[in-house]
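K.L.:
Structure provided below as structure tokens; questions to follow.
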Amino acid sequence: MSTQAVPHHVALDANALREAVEAHQRYLAGRAGGRRLSLTYADLSNCSLEGLDLREADLAGAKLEGALLSRTNLSRAILFGADLREADLRRANLRRADLRGACLRGANLASADLAGCDLREGRIALQDKLDGFRVLRHEHRPGELNYAVLTGANLAGAQMAGAIAMAVDFTDASLAGAVLSGARLHRAVLDGADLSGADLGGADLTGASMKRAVLAGVNLEHARLDDADLTDVLRAPAPLAYVDDRPLEEILAEHEAYCESDGARGRVVSLPEVDFRPLRNLRNRKLTALVAPRSILFGLDLQGVELQGADLSGCDLRGANLRDADLRGAKFTDAQLARADLRGARMGPLMIAEGRYVRTDFTRASLRNTDFRGASAPRARFLDADVSQARMAGCDLTAAEFDATDREKLSWLALPAETAR
């Protein structure tokens, strides 16, 4: 009987991989001949699996170093102990995936969806004829996220207790409700990240950059924050909102009455630097020409709101729901709209007199991972705006104004239409 040790990873040729993927598609569709993809401990390094539907696939212990997995659907997939170093996982769907013990060192997960995934530490022991059980080891410690790119990624509710994530870029990522207790986040970049309700108890955030991060309801007990940059962090709002000793809702009602009666009732109000979060919901409200520069509307439900000609310059609208909103002629200069949902919104020019129009203005606005799909923005201004990873499929950008020399901002125009998750 041979006592030769079984190799940790098994090479797979292109034909075998293609057949396995095709059988998995039949499995997902419930067709005859279907078979769940099981490539445990397979060597798939540098393979191209872009855009494939690999839901529920079993890739435990697989070597996927340098693999191309952008836009791949890996929801509920088993990636326990997988080697994903330097893998391209941009916009991948990893919802509820098992990533325990996976090595993601240097991986690019920009705009990936990792909601509810498990990123805790874990190890795989393989049976060996010579040595009994041996731990499968990567070149780096399992469960490692060091130097990974997670800009704009959705990590809401992710299990990351004890994760090693030094110098990781979480810029504008959603970590709401994530468990990061005891995580090593030394020098991590969390600028603009949403950490609402996250557990950071005992985490090491030494030297981390947390500018504009949302820290509402965060557990920071025993966390190390030495040399951390907490500039302009957003903490929990007051339970009730008052402006000049008057309830904010009462003031807005006056403005809405003015809009509904064409000026016969109510009055126009100016609300600069106001925190609107206690109101939670402004859905379908008539707030035309509202003046509220530098105000906080983070995460608010503004679906169908009428804000034609409004001044929202410098406002914090990150994660806000602005679906089907009327934003014609609104001013969003220097505003923060990362992760905002503007699907179906109207952002064309607003007529103010015969032959006179005011254009919607996003000059210098942060539009990272903003969803513009199906919206209308003819002649809108996007000068010096950050549109990194913005979704623009199906958006009407006729005669919209961009920086002529910045081709990167226009690159998403050539991308195929995406299907909403």
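Chain lettering (A, B, ...) mirrors the order of the structure tokens, residue numbering begins at 1 for each chain separately, and ligand numbering begins at 1 in order of display.
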Would you mind listing what lies within 6 Å of range 150-153 of chain A as a ChimeraX atom specification, with only C-alpha atoms counted and same-chain residues fewer than 3 positions away left out?

P.N.:
/A:109-113,169-173

K.L.:
So that each row is one residue of range 308-395 of chain A with an atom at most 12 Å from range 86-102 of chain A, can you give its shortest atom pair and the distance in Å to one decimal, using only C-alpha atoms, rows by chain and rising number, as CSV?

P.N.:
residue,atom,partner,partner_atom,distance
A:Asn369,CA,A:Arg91,CA,10.3
A:Gln389,CA,A:Arg91,CA,9.0
A:Ala390,CA,A:Arg91,CA,11.3
A:Arg391,CA,A:Arg91,CA,10.9

K.L.:
Which residue gives the smallest distance to Tyr242 in chain A among A:Arg224, A:Arg26, A:Pro278, A:Met210, with only C-alpha atoms counted?

P.N.:
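Selected residue with least distance to Tyr242 in chain A: A:Pro278.
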
K.L.:
Name the residues of range 84-320 of chain A that fall into helix (DSSP H, G or I) according to DSSP on the backbone, using the chain letters and numbers of this document, as a ChimeraX atom specification.

P.N.:
/A:248-260,277-279

K.L.:
Those residues with N, CA, C and O atoms, as a CSV table (one decimal), in the first residue's frame please?

P.N.:
chain,number,residue,atom,x,y,z
A,248,LEU,N,-38.5,70.3,14.8
A,248,LEU,CA,-38.1,70.4,13.4
A,248,LEU,C,-39.3,70.0,12.5
A,248,LEU,O,-39.5,70.5,11.5
A,249,GLU,N,-40.1,69.0,13.0
A,249,GLU,CA,-41.2,68.6,12.2
A,249,GLU,C,-42.2,69.7,12.0
A,249,GLU,O,-42.8,69.9,10.9
A,250,GLU,N,-42.4,70.5,13.0
A,250,GLU,CA,-43.3,71.7,12.9
A,250,GLU,C,-42.8,72.7,11.9
A,250,GLU,O,-43.6,73.2,11.1
A,251,ILE,N,-41.5,72.9,11.8
A,251,ILE,CA,-40.9,73.9,10.9
A,251,ILE,C,-41.1,73.4,9.5
A,251,ILE,O,-41.4,74.1,8.5
A,252,LEU,N,-40.8,72.1,9.3
A,252,LEU,CA,-40.9,71.5,8.0
A,252,LEU,C,-42.4,71.5,7.5
A,252,LEU,O,-42.6,71.7,6.3
A,253,ALA,N,-43.3,71.3,8.4
A,253,ALA,CA,-44.7,71.4,8.0
A,253,ALA,C,-45.1,72.7,7.4
A,253,ALA,O,-45.9,72.9,6.5
A,254,GLU,N,-44.5,73.8,8.0
A,254,GLU,CA,-44.8,75.2,7.5
A,254,GLU,C,-44.2,75.3,6.1
A,254,GLU,O,-44.9,75.9,5.2
A,255,HIS,N,-43.0,74.8,5.9
A,255,HIS,CA,-42.4,74.9,4.5
A,255,HIS,C,-43.3,74.1,3.5
A,255,HIS,O,-43.5,74.5,2.4
A,256,GLU,N,-43.7,72.9,3.9
A,256,GLU,CA,-44.5,72.1,3.0
A,256,GLU,C,-45.8,72.7,2.7
A,256,GLU,O,-46.3,72.7,1.6
A,257,ALA,N,-46.4,73.4,3.7
A,257,ALA,CA,-47.7,74.1,3.4
A,257,ALA,C,-47.5,75.2,2.4
A,257,ALA,O,-48.3,75.5,1.6
A,258,TYR,N,-46.3,75.9,2.5
A,258,TYR,CA,-46.0,77.0,1.5
A,258,TYR,C,-45.9,76.4,0.1
A,258,TYR,O,-46.4,77.0,-0.8
A,259,CYS,N,-45.3,75.2,0.0
A,259,CYS,CA,-45.1,74.6,-1.3
A,259,CYS,C,-46.5,74.1,-1.9
A,259,CYS,O,-46.8,74.3,-3.1
A,260,GLU,N,-47.3,73.6,-1.0
A,260,GLU,CA,-48.6,73.0,-1.5
A,260,GLU,C,-49.6,74.1,-1.8
A,260,GLU,O,-50.5,73.9,-2.7
A,277,ARG,N,-31.9,63.4,11.1
A,277,ARG,CA,-32.0,61.9,11.4
A,277,ARG,C,-33.1,61.6,12.4
A,277,ARG,O,-33.7,60.5,12.2
A,278,PRO,N,-33.4,62.4,13.4
A,278,PRO,CA,-34.5,62.0,14.3
A,278,PRO,C,-35.8,61.8,13.6
A,278,PRO,O,-36.7,61.1,14.1
A,279,LEU,N,-36.0,62.4,12.4
A,279,LEU,CA,-37.3,62.3,11.7
A,279,LEU,C,-37.4,61.0,11.0
A,279,LEU,O,-38.5,60.5,10.7

K.L.:
Using only C-alpha atoms, which protein or nucleic acid residues come within 7 Å of range 161-168 of chain A? Drop anything in the same chain fewer than 3 positions from it, and give the result as a list in words.

P.N.:
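Non-adjacent residues within range: Arg120, Glu121, Gly143, Glu144, Leu145, Asn146, Tyr147, Ala148, Val149, Val179, Leu180, Ser181, Gly182, Ala183, Arg184, Leu185, His186, Arg187, Ala188 and Val189 of chain A.
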
K.L.:
Enumerate the residues of range 102-238 of chain A with a DSSP assignment of strand (DSSP E or B), computed from the backbone, and present them as a ChimeraX atom specification.

P.N.:
/A:103,108,113,118,124-128,132-136,144,149,154,159,164,169,174,179,184,189,194,199,204,209,214,219,224,229,234

K.L.:
For the atom pair CA of Gly116 in chain A and CA of Ile78 in chain A, what is the interatomic distance in Å to one decimal place?

P.N.:
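Taking CA of Gly116 in chain A and CA of Ile78 in chain A, their separation equals 13.4 Å.
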
K.L.:
Select, from A:Val291, A:Leu37, A:Leu367, A:Leu271, the residue with the minimum atom-to-atom distance to Val243 in chain A, counting only C-alpha atoms.

P.N.:
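Selected residue with least distance to Val243 in chain A: A:Leu271.
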
K.L.:
So that I can see what lies close to range 293-303 of chain A, please list as a ChimeraX atom specification the residues with an atom at most 7 Å from it, counting only C-alpha atoms and leaving out residues fewer than 3 positions away in the same chain.

P.N.:
/A:272-277,280-284,311-325

K.L.:
For the residues in that selection, give me N, CA and C atoms as a PDB file, in the first residue's frame.

P.N.:
ATOM      1  N   PRO A 272     -29.912  75.514   7.858  1.00  0.00           N
ATOM      2  CA  PRO A 272     -28.518  75.102   7.687  1.00  0.00           C
ATOM      3  C   PRO A 272     -28.014  74.303   8.883  1.00  0.00           C
ATOM      4  N   GLU A 273     -27.169  73.315   8.607  1.00  0.00           N
ATOM      5  CA  GLU A 273     -26.485  72.540   9.638  1.00  0.00           C
ATOM      6  C   GLU A 273     -27.443  71.897  10.641  1.00  0.00           C
ATOM      7  N   VAL A 274     -28.514  71.330  10.129  1.00  0.00           N
ATOM      8  CA  VAL A 274     -29.515  70.673  10.973  1.00  0.00           C
ATOM      9  C   VAL A 274     -29.388  69.157  10.823  1.00  0.00           C
ATOM     10  N   ASP A 275     -29.528  68.437  11.930  1.00  0.00           N
ATOM     11  CA  ASP A 275     -29.520  66.978  11.898  1.00  0.00           C
ATOM     12  C   ASP A 275     -30.958  66.493  11.729  1.00  0.00           C
ATOM     13  N   PHE A 276     -31.278  65.980  10.547  1.00  0.00           N
ATOM     14  CA  PHE A 276     -32.633  65.527  10.232  1.00  0.00           C
ATOM     15  C   PHE A 276     -32.860  64.068  10.649  1.00  0.00           C
ATOM     16  N   ARG A 277     -31.854  63.384  11.141  1.00  0.00           N
ATOM     17  CA  ARG A 277     -31.978  61.949  11.398  1.00  0.00           C
ATOM     18  C   ARG A 277     -33.091  61.562  12.379  1.00  0.00           C
ATOM     19  N   ARG A 280     -36.265  60.330  10.687  1.00  0.00           N
ATOM     20  CA  ARG A 280     -36.200  59.004  10.075  1.00  0.00           C
ATOM     21  C   ARG A 280     -36.809  58.926   8.672  1.00  0.00           C
ATOM     22  N   ASN A 281     -37.965  59.524   8.462  1.00  0.00           N
ATOM     23  CA  ASN A 281     -38.693  59.320   7.216  1.00  0.00           C
ATOM     24  C   ASN A 281     -39.220  60.642   6.653  1.00  0.00           C
ATOM     25  N   LEU A 282     -38.790  60.977   5.447  1.00  0.00           N
ATOM     26  CA  LEU A 282     -39.325  62.149   4.740  1.00  0.00           C
ATOM     27  C   LEU A 282     -39.882  61.713   3.390  1.00  0.00           C
ATOM     28  N   ARG A 283     -40.321  60.491   3.316  1.00  0.00           N
ATOM     29  CA  ARG A 283     -40.828  59.914   2.064  1.00  0.00           C
ATOM     30  C   ARG A 283     -41.995  60.730   1.517  1.00  0.00           C
ATOM     31  N   ASN A 284     -41.882  61.078   0.210  1.00  0.00           N
ATOM     32  CA  ASN A 284     -42.945  61.758  -0.548  1.00  0.00           C
ATOM     33  C   ASN A 284     -43.299  63.155  -0.023  1.00  0.00           C
ATOM     34  N   ASP A 311     -31.227  73.611  -1.822  1.00  0.00           N
ATOM     35  CA  ASP A 311     -29.802  73.808  -1.564  1.00  0.00           C
ATOM     36  C   ASP A 311     -29.366  72.781  -0.533  1.00  0.00           C
ATOM     37  N   LEU A 312     -28.726  71.726  -1.000  1.00  0.00           N
ATOM     38  CA  LEU A 312     -28.231  70.654  -0.131  1.00  0.00           C
ATOM     39  C   LEU A 312     -26.715  70.554  -0.234  1.00  0.00           C
ATOM     40  N   SER A 313     -26.089  71.671  -0.493  1.00  0.00           N
ATOM     41  CA  SER A 313     -24.632  71.698  -0.620  1.00  0.00           C
ATOM     42  C   SER A 313     -23.979  71.302   0.697  1.00  0.00           C
ATOM     43  N   GLY A 314     -22.962  70.464   0.610  1.00  0.00           N
ATOM     44  CA  GLY A 314     -22.233  70.045   1.796  1.00  0.00           C
ATOM     45  C   GLY A 314     -22.996  69.110   2.708  1.00  0.00           C
ATOM     46  N   CYS A 315     -24.154  68.626   2.290  1.00  0.00           N
ATOM     47  CA  CYS A 315     -24.955  67.748   3.144  1.00  0.00           C
ATOM     48  C   CYS A 315     -24.400  66.330   3.189  1.00  0.00           C
ATOM     49  N   ASP A 316     -24.706  65.634   4.275  1.00  0.00           N
ATOM     50  CA  ASP A 316     -24.352  64.233   4.429  1.00  0.00           C
ATOM     51  C   ASP A 316     -25.588  63.403   4.090  1.00  0.00           C
ATOM     52  N   LEU A 317     -25.584  62.833   2.887  1.00  0.00           N
ATOM     53  CA  LEU A 317     -26.703  62.015   2.408  1.00  0.00           C
ATOM     54  C   LEU A 317     -26.249  60.576   2.159  1.00  0.00           C
ATOM     55  N   ARG A 318     -25.186  60.164   2.836  1.00  0.00           N
ATOM     56  CA  ARG A 318     -24.675  58.818   2.629  1.00  0.00           C
ATOM     57  C   ARG A 318     -25.738  57.774   2.983  1.00  0.00           C
ATOM     58  N   GLY A 319     -25.900  56.810   2.096  1.00  0.00           N
ATOM     59  CA  GLY A 319     -26.834  55.725   2.351  1.00  0.00           C
ATOM     60  C   GLY A 319     -28.293  56.128   2.312  1.00  0.00           C
ATOM     61  N   ALA A 320     -28.605  57.350   1.894  1.00  0.00           N
ATOM     62  CA  ALA A 320     -29.997  57.800   1.865  1.00  0.00           C
ATOM     63  C   ALA A 320     -30.766  57.142   0.725  1.00  0.00           C
ATOM     64  N   ASN A 321     -32.047  56.934   0.937  1.00  0.00           N
ATOM     65  CA  ASN A 321     -32.920  56.395  -0.100  1.00  0.00           C
ATOM     66  C   ASN A 321     -33.598  57.555  -0.820  1.00  0.00           C
ATOM     67  N   LEU A 322     -33.120  57.836  -2.031  1.00  0.00           N
ATOM     68  CA  LEU A 322     -33.668  58.925  -2.847  1.00  0.00           C
ATOM     69  C   LEU A 322     -34.301  58.375  -4.123  1.00  0.00           C
ATOM     70  N   ARG A 323     -34.789  57.155  -4.066  1.00  0.00           N
ATOM     71  CA  ARG A 323     -35.398  56.554  -5.248  1.00  0.00           C
ATOM     72  C   ARG A 323     -36.607  57.371  -5.691  1.00  0.00           C
ATOM     73  N   ASP A 324     -36.671  57.633  -6.999  1.00  0.00           N
ATOM     74  CA  ASP A 324     -37.800  58.342  -7.621  1.00  0.00           C
ATOM     75  C   ASP A 324     -37.994  59.754  -7.077  1.00  0.00           C
ATOM     76  N   ALA A 325     -36.972  60.320  -6.447  1.00  0.00           N
ATOM     77  CA  ALA A 325     -37.071  61.688  -5.931  1.00  0.00           C
ATOM     78  C   ALA A 325     -36.985  62.692  -7.076  1.00  0.00           C
TER      79      ALA A 325
END

K.L.:
Looking at only C-alpha atoms, which of A:Cys117, A:Val21, A:Val233, A:Ala228 is the one that sits closest to Gly177 in chain A?

P.N.:
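Looking only at the distances to Gly177 in chain A, the closest residue turns out to be A:Cys117.
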
K.L.:
Nearest to Leu342 in chain A: which of A:Val305, A:Ala77, A:Ala236, A:Ala67 is it, counting only C-alpha atoms?

P.N.:
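Closest to Leu342 in chain A, using only C-alpha atoms: A:Val305.
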
K.L.:
CA of Ala375 in chain A and CA of Glu306 in chain A, how far apart in Å?

P.N.:
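Between CA of Glu306 in chain A and CA of Ala375 in chain A the gap is 14.9 Å.
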
K.L.:
Just how far from CA of Gly81 in chain A is CA of Leu17 in chain A, in Å to one decimal?

P.N.:
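We find that CA of Leu17 in chain A and CA of Gly81 in chain A lie 20.2 Å from each other.
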